[in-house]
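Here is the file data_20.cif (mmCIF, C-alpha atoms).
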data_final
loop_
_atom_site.group_PDB
_atom_site.id
_atom_site.type_symbol
_atom_site.label_atom_id
_atom_site.label_comp_id
_atom_site.auth_asym_id
_atom_site.auth_seq_id
_atom_site.Cartn_x
_atom_site.Cartn_y
_atom_site.Cartn_z
ATOM 1 C CA MET A 1 -187.061 82.724 -179.464
ATOM 2 C CA GLU A 2 -188.181 79.150 -180.078
ATOM 3 C CA VAL A 3 -186.427 79.275 -183.429
ATOM 4 C CA LEU A 4 -183.048 79.638 -181.665
ATOM 5 C CA ARG A 5 -183.719 76.750 -179.304
ATOM 6 C CA ALA A 6 -184.677 74.460 -182.171
ATOM 7 C CA PHE A 7 -181.856 75.743 -184.339
ATOM 8 C CA ALA A 8 -179.098 74.735 -181.920
ATOM 9 C CA GLY A 9 -180.221 71.115 -181.821
ATOM 10 C CA GLU A 10 -180.470 70.927 -185.580
ATOM 11 C CA HIS A 11 -176.954 72.207 -186.223
ATOM 12 C CA GLY A 12 -174.917 70.486 -183.505
ATOM 13 C CA VAL A 13 -174.208 73.702 -181.610
ATOM 14 C CA ARG A 14 -174.036 73.648 -177.813
ATOM 15 C CA PHE A 15 -176.837 75.747 -176.407
ATOM 16 C CA SER A 16 -178.168 76.926 -173.064
ATOM 17 C CA GLU A 17 -180.341 79.714 -171.665
ATOM 18 C CA ASN A 18 -179.793 82.055 -168.713
ATOM 19 C CA PHE A 19 -176.110 81.236 -168.932
ATOM 20 C CA PRO A 20 -174.008 82.161 -165.832
ATOM 21 C CA LEU A 21 -171.131 84.294 -167.100
ATOM 22 C CA SER A 22 -168.994 83.111 -164.177
ATOM 23 C CA ARG A 23 -168.393 79.995 -166.292
ATOM 24 C CA ILE A 24 -166.338 81.982 -168.790
ATOM 25 C CA SER A 25 -165.157 84.915 -166.665
ATOM 26 C CA ARG A 26 -161.568 84.698 -165.434
ATOM 27 C CA VAL A 27 -162.013 87.114 -162.538
ATOM 28 C CA GLY A 28 -165.599 86.770 -161.354
ATOM 29 C CA THR A 29 -169.006 88.190 -162.242
ATOM 30 C CA LYS A 30 -172.592 87.937 -161.049
ATOM 31 C CA GLY A 31 -173.862 88.399 -164.598
ATOM 32 C CA ALA A 32 -175.750 86.022 -166.866
ATOM 33 C CA ALA A 33 -176.613 85.951 -170.566
ATOM 34 C CA LEU A 34 -179.945 85.177 -172.181
ATOM 35 C CA PHE A 35 -178.414 82.628 -174.573
ATOM 36 C CA TYR A 36 -175.173 80.691 -174.953
ATOM 37 C CA PHE A 37 -173.953 79.079 -178.183
ATOM 38 C CA GLY A 38 -170.857 76.859 -178.099
ATOM 39 C CA ILE A 39 -169.371 76.793 -181.604
ATOM 40 C CA LEU A 40 -168.020 73.437 -182.787
ATOM 41 C CA SER A 41 -167.406 74.242 -186.473
ATOM 42 C CA GLU A 42 -167.131 77.190 -188.841
ATOM 43 C CA GLU A 43 -170.342 76.032 -190.523
ATOM 44 C CA GLY A 44 -172.093 76.069 -187.164
ATOM 45 C CA PHE A 45 -170.783 79.583 -186.483
ATOM 46 C CA LEU A 46 -172.135 80.923 -189.768
ATOM 47 C CA LYS A 47 -175.545 79.394 -189.137
ATOM 48 C CA VAL A 48 -175.642 80.765 -185.581
ATOM 49 C CA MET A 49 -174.726 84.261 -186.691
ATOM 50 C CA SER A 50 -177.264 84.183 -189.515
ATOM 51 C CA ALA A 51 -179.989 83.195 -187.030
ATOM 52 C CA LEU A 52 -178.984 85.828 -184.448
ATOM 53 C CA VAL A 53 -178.906 88.606 -187.031
ATOM 54 C CA ARG A 54 -182.210 87.481 -188.514
ATOM 55 C CA GLU A 55 -183.872 87.398 -185.080
ATOM 56 C CA GLY A 56 -182.304 90.691 -184.019
ATOM 57 C CA VAL A 57 -180.541 89.231 -180.975
ATOM 58 C CA PRO A 58 -177.501 91.162 -179.641
ATOM 59 C CA TYR A 59 -174.401 88.996 -179.343
ATOM 60 C CA ARG A 60 -170.886 88.972 -177.999
ATOM 61 C CA ILE A 61 -168.089 86.806 -179.364
ATOM 62 C CA SER A 62 -166.100 85.026 -176.635
ATOM 63 C CA GLY A 63 -162.813 83.148 -176.787
ATOM 64 C CA CYS A 64 -160.798 81.921 -173.826
ATOM 65 C CA GLY A 65 -161.952 84.943 -171.831
ATOM 66 C CA PHE A 66 -158.506 85.928 -170.585
ATOM 67 C CA ASN A 67 -158.696 89.610 -171.505
ATOM 68 C CA THR A 68 -162.433 90.241 -171.147
ATOM 69 C CA LEU A 69 -164.255 91.664 -168.140
ATOM 70 C CA TRP A 70 -167.880 90.488 -168.103
ATOM 71 C CA GLY A 71 -170.375 92.713 -166.301
ATOM 72 C CA ASP A 72 -172.505 91.797 -163.294
ATOM 73 C CA ALA A 73 -175.877 92.672 -164.867
ATOM 74 C CA PHE A 74 -178.091 90.503 -167.085
ATOM 75 C CA PHE A 75 -176.992 90.548 -170.729
ATOM 76 C CA ARG A 76 -180.112 90.309 -172.900
ATOM 77 C CA GLY A 77 -178.217 88.747 -175.732
ATOM 78 C CA ALA A 78 -176.164 85.745 -176.764
ATOM 79 C CA VAL A 79 -172.649 84.622 -175.925
ATOM 80 C CA VAL A 80 -171.075 83.042 -178.997
ATOM 81 C CA ASP A 81 -168.283 80.909 -177.569
ATOM 82 C CA MET A 82 -165.454 80.216 -180.035
ATOM 83 C CA SER A 83 -163.229 78.405 -177.518
ATOM 84 C CA LEU A 84 -164.413 74.982 -178.711
ATOM 85 C CA LEU A 85 -163.071 75.643 -182.212
ATOM 86 C CA LYS A 86 -159.584 74.233 -181.687
ATOM 87 C CA GLY A 87 -158.165 73.015 -185.024
ATOM 88 C CA LEU A 88 -154.382 73.132 -185.398
ATOM 89 C CA SER A 89 -152.317 71.768 -188.301
ATOM 90 C CA VAL A 90 -149.500 72.436 -190.748
ATOM 91 C CA LYS A 91 -150.823 72.810 -194.283
ATOM 92 C CA ASP A 92 -149.195 74.128 -197.443
ATOM 93 C CA GLY A 93 -146.150 75.371 -195.540
ATOM 94 C CA VAL A 94 -148.018 77.390 -192.926
ATOM 95 C CA LEU A 95 -149.351 76.702 -189.447
ATOM 96 C CA VAL A 96 -153.154 76.976 -189.512
ATOM 97 C CA ALA A 97 -154.980 77.524 -186.218
ATOM 98 C CA SER A 98 -158.685 77.886 -185.503
ATOM 99 C CA ALA A 99 -159.918 80.879 -183.510
ATOM 100 C CA GLY A 100 -160.528 78.968 -180.282
ATOM 101 C CA CYS A 101 -157.105 77.369 -180.107
ATOM 102 C CA SER A 102 -155.192 78.754 -177.119
ATOM 103 C CA LEU A 103 -151.759 80.290 -177.597
ATOM 104 C CA SER A 104 -150.482 77.776 -175.041
ATOM 105 C CA ALA A 105 -151.698 74.881 -177.211
ATOM 106 C CA LEU A 106 -150.165 76.502 -180.277
ATOM 107 C CA VAL A 107 -146.779 76.859 -178.568
ATOM 108 C CA ARG A 108 -146.911 73.249 -177.313
ATOM 109 C CA PHE A 109 -147.641 72.076 -180.857
ATOM 110 C CA CYS A 110 -144.625 74.018 -182.122
ATOM 111 C CA VAL A 111 -142.373 72.549 -179.428
ATOM 112 C CA ASP A 112 -143.490 69.006 -180.277
ATOM 113 C CA SER A 113 -143.103 69.632 -184.010
ATOM 114 C CA GLY A 114 -139.817 71.554 -183.979
ATOM 115 C CA LEU A 115 -141.376 74.743 -185.348
ATOM 116 C CA SER A 116 -139.684 77.997 -184.408
ATOM 117 C CA GLY A 117 -140.990 81.563 -184.281
ATOM 118 C CA PHE A 118 -143.512 81.338 -181.459
ATOM 119 C CA GLU A 119 -141.214 80.821 -178.482
ATOM 120 C CA GLU A 120 -141.546 84.373 -177.124
ATOM 121 C CA LEU A 121 -145.340 83.977 -177.067
ATOM 122 C CA ALA A 122 -145.155 81.140 -174.521
ATOM 123 C CA GLY A 123 -147.271 81.793 -171.457
ATOM 124 C CA ILE A 124 -149.431 84.515 -172.971
ATOM 125 C CA PRO A 125 -153.046 83.733 -172.058
ATOM 126 C CA GLY A 126 -155.745 83.886 -174.686
ATOM 127 C CA SER A 127 -157.064 82.352 -177.879
ATOM 128 C CA VAL A 128 -155.715 82.692 -181.403
ATOM 129 C CA GLY A 129 -158.724 84.703 -182.575
ATOM 130 C CA ALA A 130 -158.554 87.417 -179.924
ATOM 131 C CA SER A 131 -154.746 87.387 -179.896
ATOM 132 C CA VAL A 132 -154.546 88.064 -183.628
ATOM 133 C CA VAL A 133 -157.052 90.917 -183.394
ATOM 134 C CA GLY A 134 -155.186 92.422 -180.426
ATOM 135 C CA ASN A 135 -151.747 91.592 -181.869
ATOM 136 C CA ALA A 136 -150.669 89.936 -178.621
ATOM 137 C CA GLY A 137 -146.970 89.776 -177.960
ATOM 138 C CA ALA A 138 -144.054 89.750 -175.543
ATOM 139 C CA PHE A 139 -140.261 89.920 -175.468
ATOM 140 C CA GLY A 140 -140.075 91.728 -178.799
ATOM 141 C CA ARG A 141 -142.325 89.327 -180.686
ATOM 142 C CA ALA A 142 -145.931 90.009 -181.730
ATOM 143 C CA LEU A 143 -148.325 87.512 -183.253
ATOM 144 C CA GLY A 144 -148.951 89.813 -186.199
ATOM 145 C CA ASP A 145 -145.296 89.378 -187.194
ATOM 146 C CA LEU A 146 -146.090 85.783 -188.131
ATOM 147 C CA VAL A 147 -149.481 86.115 -189.833
ATOM 148 C CA GLU A 148 -149.752 84.937 -193.446
ATOM 149 C CA TRP A 149 -153.515 85.171 -193.820
ATOM 150 C CA VAL A 150 -156.612 85.507 -191.656
ATOM 151 C CA LYS A 151 -160.084 84.141 -192.336
ATOM 152 C CA VAL A 152 -162.692 86.514 -190.929
ATOM 153 C CA TRP A 153 -166.441 86.948 -190.775
ATOM 154 C CA ILE A 154 -167.494 90.482 -191.668
ATOM 155 C CA PRO A 155 -170.584 91.339 -189.590
ATOM 156 C CA HIS A 156 -171.974 94.227 -191.615
ATOM 157 C CA GLU A 157 -171.699 92.189 -194.824
ATOM 158 C CA GLY A 158 -172.657 88.818 -193.358
ATOM 159 C CA ARG A 159 -169.906 86.999 -195.233
ATOM 160 C CA CYS A 160 -166.467 85.454 -194.795
ATOM 161 C CA SER A 161 -163.259 86.699 -196.374
ATOM 162 C CA VAL A 162 -159.635 85.588 -196.366
ATOM 163 C CA LEU A 163 -157.306 88.554 -195.834
ATOM 164 C CA LYS A 164 -153.653 88.295 -196.822
ATOM 165 C CA ARG A 165 -150.935 89.673 -194.566
ATOM 166 C CA GLU A 166 -150.575 92.846 -196.597
ATOM 167 C CA GLU A 167 -154.304 93.542 -196.228
ATOM 168 C CA VAL A 168 -154.083 93.689 -192.424
ATOM 169 C CA ALA A 169 -152.507 96.569 -190.506
ATOM 170 C CA PHE A 170 -150.930 95.485 -187.221
ATOM 171 C CA SER A 171 -149.843 97.930 -184.529
ATOM 172 C CA TYR A 172 -149.017 97.823 -180.829
ATOM 173 C CA ARG A 173 -151.684 95.581 -179.229
ATOM 174 C CA ASP A 174 -154.093 96.372 -182.043
ATOM 175 C CA SER A 175 -154.924 95.696 -185.675
ATOM 176 C CA SER A 176 -157.314 96.651 -188.454
ATOM 177 C CA LEU A 177 -159.236 93.443 -187.672
ATOM 178 C CA ARG A 178 -161.268 95.204 -184.949
ATOM 179 C CA GLY A 179 -164.934 94.711 -185.786
ATOM 180 C CA PHE A 180 -164.319 91.438 -187.622
ATOM 181 C CA VAL A 181 -164.591 87.927 -186.176
ATOM 182 C CA VAL A 182 -161.512 85.769 -186.759
ATOM 183 C CA LEU A 183 -162.355 82.167 -187.659
ATOM 184 C CA SER A 184 -158.835 80.932 -188.341
ATOM 185 C CA ALA A 185 -155.373 82.216 -189.161
ATOM 186 C CA ALA A 186 -152.222 80.958 -190.843
ATOM 187 C CA PHE A 187 -148.718 81.688 -189.552
ATOM 188 C CA SER A 188 -145.219 81.425 -190.925
ATOM 189 C CA PHE A 189 -142.555 79.432 -189.095
ATOM 190 C CA SER A 190 -139.112 77.950 -189.526
ATOM 191 C CA PHE A 191 -138.001 74.429 -188.723
ATOM 192 C CA SER A 192 -135.602 74.046 -185.832
ATOM 193 C CA ASP A 193 -134.192 71.509 -183.439
ATOM 194 C CA LYS A 194 -136.934 70.496 -180.985
ATOM 195 C CA GLN A 195 -134.607 70.798 -178.011
ATOM 196 C CA LYS A 196 -133.650 74.352 -178.946
ATOM 197 C CA VAL A 197 -137.296 75.332 -179.286
ATOM 198 C CA ARG A 198 -138.165 73.646 -175.984
ATOM 199 C CA GLN A 199 -135.256 75.307 -174.183
ATOM 200 C CA ARG A 200 -136.203 78.770 -175.422
ATOM 201 C CA VAL A 201 -139.819 78.219 -174.340
ATOM 202 C CA LYS A 202 -138.605 77.186 -170.884
ATOM 203 C CA GLU A 203 -136.535 80.363 -170.658
ATOM 204 C CA VAL A 204 -139.490 82.539 -171.650
ATOM 205 C CA LEU A 205 -141.823 80.826 -169.184
ATOM 206 C CA ALA A 206 -139.249 81.220 -166.407
ATOM 207 C CA GLU A 207 -138.900 84.919 -167.176
ATOM 208 C CA ARG A 208 -142.679 85.384 -167.192
ATOM 209 C CA LYS A 209 -142.898 83.617 -163.826
ATOM 210 C CA ARG A 210 -140.207 85.937 -162.469
ATOM 211 C CA ARG A 211 -141.888 89.093 -163.767
ATOM 212 C CA PHE A 212 -145.607 88.437 -163.565
ATOM 213 C CA PRO A 213 -147.893 87.373 -160.703
ATOM 214 C CA ALA A 214 -149.783 84.101 -160.426
ATOM 215 C CA GLY A 215 -153.477 84.158 -159.604
ATOM 216 C CA ARG A 216 -156.807 85.128 -161.127
ATOM 217 C CA SER A 217 -156.321 88.045 -163.492
ATOM 218 C CA LEU A 218 -157.018 89.275 -167.008
ATOM 219 C CA GLY A 219 -153.339 89.749 -167.762
ATOM 220 C CA SER A 220 -151.965 93.233 -168.342
ATOM 221 C CA VAL A 221 -154.754 95.725 -167.684
ATOM 222 C CA PHE A 222 -153.336 98.785 -169.438
ATOM 223 C CA LYS A 223 -151.431 99.315 -172.659
ATOM 224 C CA ASN A 224 -148.002 100.896 -172.305
ATOM 225 C CA PRO A 225 -148.109 104.634 -173.065
ATOM 226 C CA GLU A 226 -145.733 105.688 -175.818
ATOM 227 C CA GLY A 227 -142.197 105.784 -174.458
ATOM 228 C CA ASP A 228 -143.101 104.419 -171.042
ATOM 229 C CA PHE A 229 -144.453 101.376 -169.206
ATOM 230 C CA ALA A 230 -147.857 101.238 -167.503
ATOM 231 C CA GLY A 231 -146.571 98.969 -164.721
ATOM 232 C CA LYS A 232 -143.675 101.324 -163.988
ATOM 233 C CA ILE A 233 -145.989 104.346 -163.786
ATOM 234 C CA LEU A 234 -148.387 102.577 -161.428
ATOM 235 C CA ASP A 235 -145.517 101.344 -159.273
ATOM 236 C CA GLU A 236 -144.067 104.861 -158.987
ATOM 237 C CA LEU A 237 -147.464 106.205 -157.944
ATOM 238 C CA GLY A 238 -147.768 103.608 -155.189
ATOM 239 C CA PHE A 239 -150.634 101.528 -156.564
ATOM 240 C CA LYS A 240 -149.175 98.128 -155.679
ATOM 241 C CA GLY A 241 -151.421 96.410 -153.154
ATOM 242 C CA LEU A 242 -154.296 98.874 -153.605
ATOM 243 C CA SER A 243 -157.528 96.950 -153.088
ATOM 244 C CA LEU A 244 -161.233 97.456 -153.579
ATOM 245 C CA GLY A 245 -163.649 94.780 -152.450
ATOM 246 C CA LYS A 246 -162.250 91.419 -153.499
ATOM 247 C CA VAL A 247 -159.755 92.718 -156.076
ATOM 248 C CA ARG A 248 -156.333 94.303 -155.665
ATOM 249 C CA VAL A 249 -153.360 95.548 -157.641
ATOM 250 C CA SER A 250 -150.614 92.930 -157.626
ATOM 251 C CA GLU A 251 -147.687 93.582 -155.307
ATOM 252 C CA LYS A 252 -145.432 91.906 -157.867
ATOM 253 C CA HIS A 253 -146.465 93.791 -161.011
ATOM 254 C CA ALA A 254 -148.648 96.891 -160.806
ATOM 255 C CA ASN A 255 -150.227 96.379 -164.244
ATOM 256 C CA PHE A 256 -152.004 93.237 -163.022
ATOM 257 C CA ILE A 257 -155.201 93.236 -160.988
ATOM 258 C CA LEU A 258 -155.850 90.021 -159.041
ATOM 259 C CA SER A 259 -159.230 88.815 -157.869
ATOM 260 C CA GLU A 260 -160.393 86.479 -155.147
ATOM 261 C CA LYS A 261 -162.766 83.646 -155.987
ATOM 262 C CA ASP A 262 -165.931 85.533 -155.004
ATOM 263 C CA ALA A 263 -164.938 88.848 -156.650
ATOM 264 C CA VAL A 264 -167.396 90.716 -158.858
ATOM 265 C CA ALA A 265 -166.899 92.714 -162.020
ATOM 266 C CA SER A 266 -168.058 95.994 -160.455
ATOM 267 C CA ASP A 267 -165.106 95.922 -158.047
ATOM 268 C CA TYR A 268 -162.687 95.209 -160.892
ATOM 269 C CA LEU A 269 -164.107 98.044 -163.004
ATOM 270 C CA SER A 270 -164.182 100.508 -160.103
ATOM 271 C CA LEU A 271 -160.520 99.843 -159.341
ATOM 272 C CA ILE A 272 -159.590 100.318 -163.009
ATOM 273 C CA ASN A 273 -161.434 103.636 -163.157
ATOM 274 C CA LYS A 274 -159.881 104.834 -159.892
ATOM 275 C CA ILE A 275 -156.398 104.106 -161.242
ATOM 276 C CA LYS A 276 -157.126 105.879 -164.523
ATOM 277 C CA ARG A 277 -158.396 108.991 -162.734
ATOM 278 C CA GLU A 278 -155.418 109.131 -160.384
ATOM 279 C CA VAL A 279 -152.875 108.671 -163.180
ATOM 280 C CA SER A 280 -154.570 111.386 -165.236
ATOM 281 C CA LEU A 281 -154.595 113.822 -162.314
ATOM 282 C CA ARG A 282 -151.089 113.109 -161.057
ATOM 283 C CA ARG A 283 -149.216 112.471 -164.306
ATOM 284 C CA GLY A 284 -151.445 113.864 -167.028
ATOM 285 C CA ILE A 285 -151.399 110.468 -168.736
ATOM 286 C CA HIS A 286 -154.515 108.817 -170.158
ATOM 287 C CA LEU A 287 -154.147 105.083 -169.684
ATOM 288 C CA GLU A 288 -155.894 102.918 -172.258
ATOM 289 C CA GLU A 289 -157.113 99.474 -171.316
ATOM 290 C CA GLU A 290 -155.621 96.399 -172.936
ATOM 291 C CA ILE A 291 -158.630 94.397 -171.731
ATOM 292 C CA ASP A 292 -162.117 94.461 -173.263
ATOM 293 C CA TYR A 293 -165.527 94.828 -171.633
ATOM 294 C CA ALA A 294 -168.531 92.633 -172.389
ATOM 295 C CA GLY A 295 -172.072 92.008 -171.219
ATOM 296 C CA ALA A 296 -173.920 94.560 -169.083
ATOM 297 C CA PHE A 297 -172.661 96.505 -166.061
ATOM 298 C CA VAL A 298 -174.597 97.781 -163.053
#
Represent the structure of the file as structure tokens.
Amino acid sequence: MEVLRAFAGEHGVRFSENFPLSRISRVGTKGAALFYFGILSEEGFLKVMSALVREGVPYRISGCGFNTLWGDAFFRGAVVDMSLLKGLSVKDGVLVASAGCSLSALVRFCVDSGLSGFEELAGIPGSVGASVVGNAGAFGRALGDLVEWVKVWIPHEGRCSVLKREEVAFSYRDSSLRGFVVLSAAFSFSFSDKQKVRQRVKEVLAERKRRFPAGRSLGSVFKNPEGDFAGKILDELGFKGLSLGKVRVSEKHANFILSEKDAVASDYLSLINKIKREVSLRRGIHLEEEIDYAGAFV
């Protein structure tokens, strides 16, 4: 793999080997990855992906890591970290954000610029890239509602494409972008009084603080079943406070699993699977995870 080591230095990409996944995990893991590439530009990303595909190295795209559970085993592949790709600007009447830009940074930019439309997304953890793919949302607003176009890399074709809004199908916490890698996206907005935007953001953040727990978590673990709420189901079944190892179901909101500093992914996964089995047996409901899994599990 000398070609990959030399490649990173040549193209200004951050690179390391035997990378501890605890550096990007939000809830703890003992795992490590063979390679790490920190992406600083779209050009760098394309060169990295071309090299990985050519060398036959498995890879996993990573953003801010808020909704991804990394396994405890050794991942014999590469982490391609998009979180350093943080461009954010208004251009040609749309708000253009790079994949690694956090939703928090995007909302702050809108508050400072008097741009309205994103207020209900305040406080949602995650990066623009993953949030567009998963159509993140809250309080009746989803990110897909605002998309004008998305620039993606298509793995099986090895090329980039710009998809217009009508070419992307958005649904509840999902989209037709699964399998693509988002490089950047453009969003619609409306101009508004800065104070009004700031006040609405404060209200949303206050409501999130009232509803959701603080602490180390991946956000909502399960998608809401049709016509119901995952947190409500888990609360009714008495899961609040249920613990396994160093992780436990939040006493404040049952759809959040909190972890202590030295928690491991196997505990997190075991608790998720226990909950899914119990809900299936007792309610006949198959809960689907809102979080993703990455790396290798023991």
Suppose a student applies the PyMOL selection byres ((chain A and resi 31) around 6) to this structure; what residues should they get, written as JSON, numbers by chain?
{"A": [21, 29, 30, 32, 71, 72, 73, 74]}
Report as a VMD selection string all protein, DNA and RNA residues lying within 12 Å of segment 115-122 of chain A, evaluated on only C-alpha atoms, omitting residues in the same chain fewer than 2 positions from it.
chain A and resid 89 to 90 93 to 95 102 to 113 124 to 128 131 135 to 147 187 to 209
Write out, as a CSV table (one decimal), keeping the file's coordinate frame, the residues just selected, with C-alpha atoms.
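Written output follows (again_29.csv):
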chain,number,residue,atom,x,y,z
A,89,SER,CA,-152.3,71.8,-188.3
A,90,VAL,CA,-149.5,72.4,-190.7
A,93,GLY,CA,-146.2,75.4,-195.5
A,94,VAL,CA,-148.0,77.4,-192.9
A,95,LEU,CA,-149.4,76.7,-189.4
A,102,SER,CA,-155.2,78.8,-177.1
A,103,LEU,CA,-151.8,80.3,-177.6
A,104,SER,CA,-150.5,77.8,-175.0
A,105,ALA,CA,-151.7,74.9,-177.2
A,106,LEU,CA,-150.2,76.5,-180.3
A,107,VAL,CA,-146.8,76.9,-178.6
A,108,ARG,CA,-146.9,73.2,-177.3
A,109,PHE,CA,-147.6,72.1,-180.9
A,110,CYS,CA,-144.6,74.0,-182.1
A,111,VAL,CA,-142.4,72.5,-179.4
A,112,ASP,CA,-143.5,69.0,-180.3
A,113,SER,CA,-143.1,69.6,-184.0
A,124,ILE,CA,-149.4,84.5,-173.0
A,125,PRO,CA,-153.0,83.7,-172.1
A,126,GLY,CA,-155.7,83.9,-174.7
A,127,SER,CA,-157.1,82.4,-177.9
A,128,VAL,CA,-155.7,82.7,-181.4
A,131,SER,CA,-154.7,87.4,-179.9
A,135,ASN,CA,-151.7,91.6,-181.9
A,136,ALA,CA,-150.7,89.9,-178.6
A,137,GLY,CA,-147.0,89.8,-178.0
A,138,ALA,CA,-144.1,89.8,-175.5
A,139,PHE,CA,-140.3,89.9,-175.5
A,140,GLY,CA,-140.1,91.7,-178.8
A,141,ARG,CA,-142.3,89.3,-180.7
A,142,ALA,CA,-145.9,90.0,-181.7
A,143,LEU,CA,-148.3,87.5,-183.3
A,144,GLY,CA,-149.0,89.8,-186.2
A,145,ASP,CA,-145.3,89.4,-187.2
A,146,LEU,CA,-146.1,85.8,-188.1
A,147,VAL,CA,-149.5,86.1,-189.8
A,187,PHE,CA,-148.7,81.7,-189.6
A,188,SER,CA,-145.2,81.4,-190.9
A,189,PHE,CA,-142.6,79.4,-189.1
A,190,SER,CA,-139.1,78.0,-189.5
A,191,PHE,CA,-138.0,74.4,-188.7
A,192,SER,CA,-135.6,74.0,-185.8
A,193,ASP,CA,-134.2,71.5,-183.4
A,194,LYS,CA,-136.9,70.5,-181.0
A,195,GLN,CA,-134.6,70.8,-178.0
A,196,LYS,CA,-133.6,74.4,-178.9
A,197,VAL,CA,-137.3,75.3,-179.3
A,198,ARG,CA,-138.2,73.6,-176.0
A,199,GLN,CA,-135.3,75.3,-174.2
A,200,ARG,CA,-136.2,78.8,-175.4
A,201,VAL,CA,-139.8,78.2,-174.3
A,202,LYS,CA,-138.6,77.2,-170.9
A,203,GLU,CA,-136.5,80.4,-170.7
A,204,VAL,CA,-139.5,82.5,-171.6
A,205,LEU,CA,-141.8,80.8,-169.2
A,206,ALA,CA,-139.2,81.2,-166.4
A,207,GLU,CA,-138.9,84.9,-167.2
A,208,ARG,CA,-142.7,85.4,-167.2
A,209,LYS,CA,-142.9,83.6,-163.8
Selected residue, from A:Val96, A:Val152, A:Leu234, A:Val221, that lies nearest to Leu269 of chain A when counting all atoms listed in the file
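Under the stated criterion, the closest residue is A:Val221.
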I'd like to know which of A:Gly284, A:Gly227, A:Gly114, A:Gly219 is closest to Thr68 of chain A, using all atoms listed in the file.
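Smallest separation from Thr68 of chain A among the options: A:Gly219.
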Within 8 Å of file point (-177.5, 80.4, -176.4), counting all atoms listed in the file, expressed as a list in words:
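It turns out the residues near that spot are Leu4, Arg5, Arg14, Phe15, Ser16, Glu17, Phe19, Leu34, Phe35, Tyr36, Phe37, Gly38, Ala78, Val79 and Val80 of chain A.
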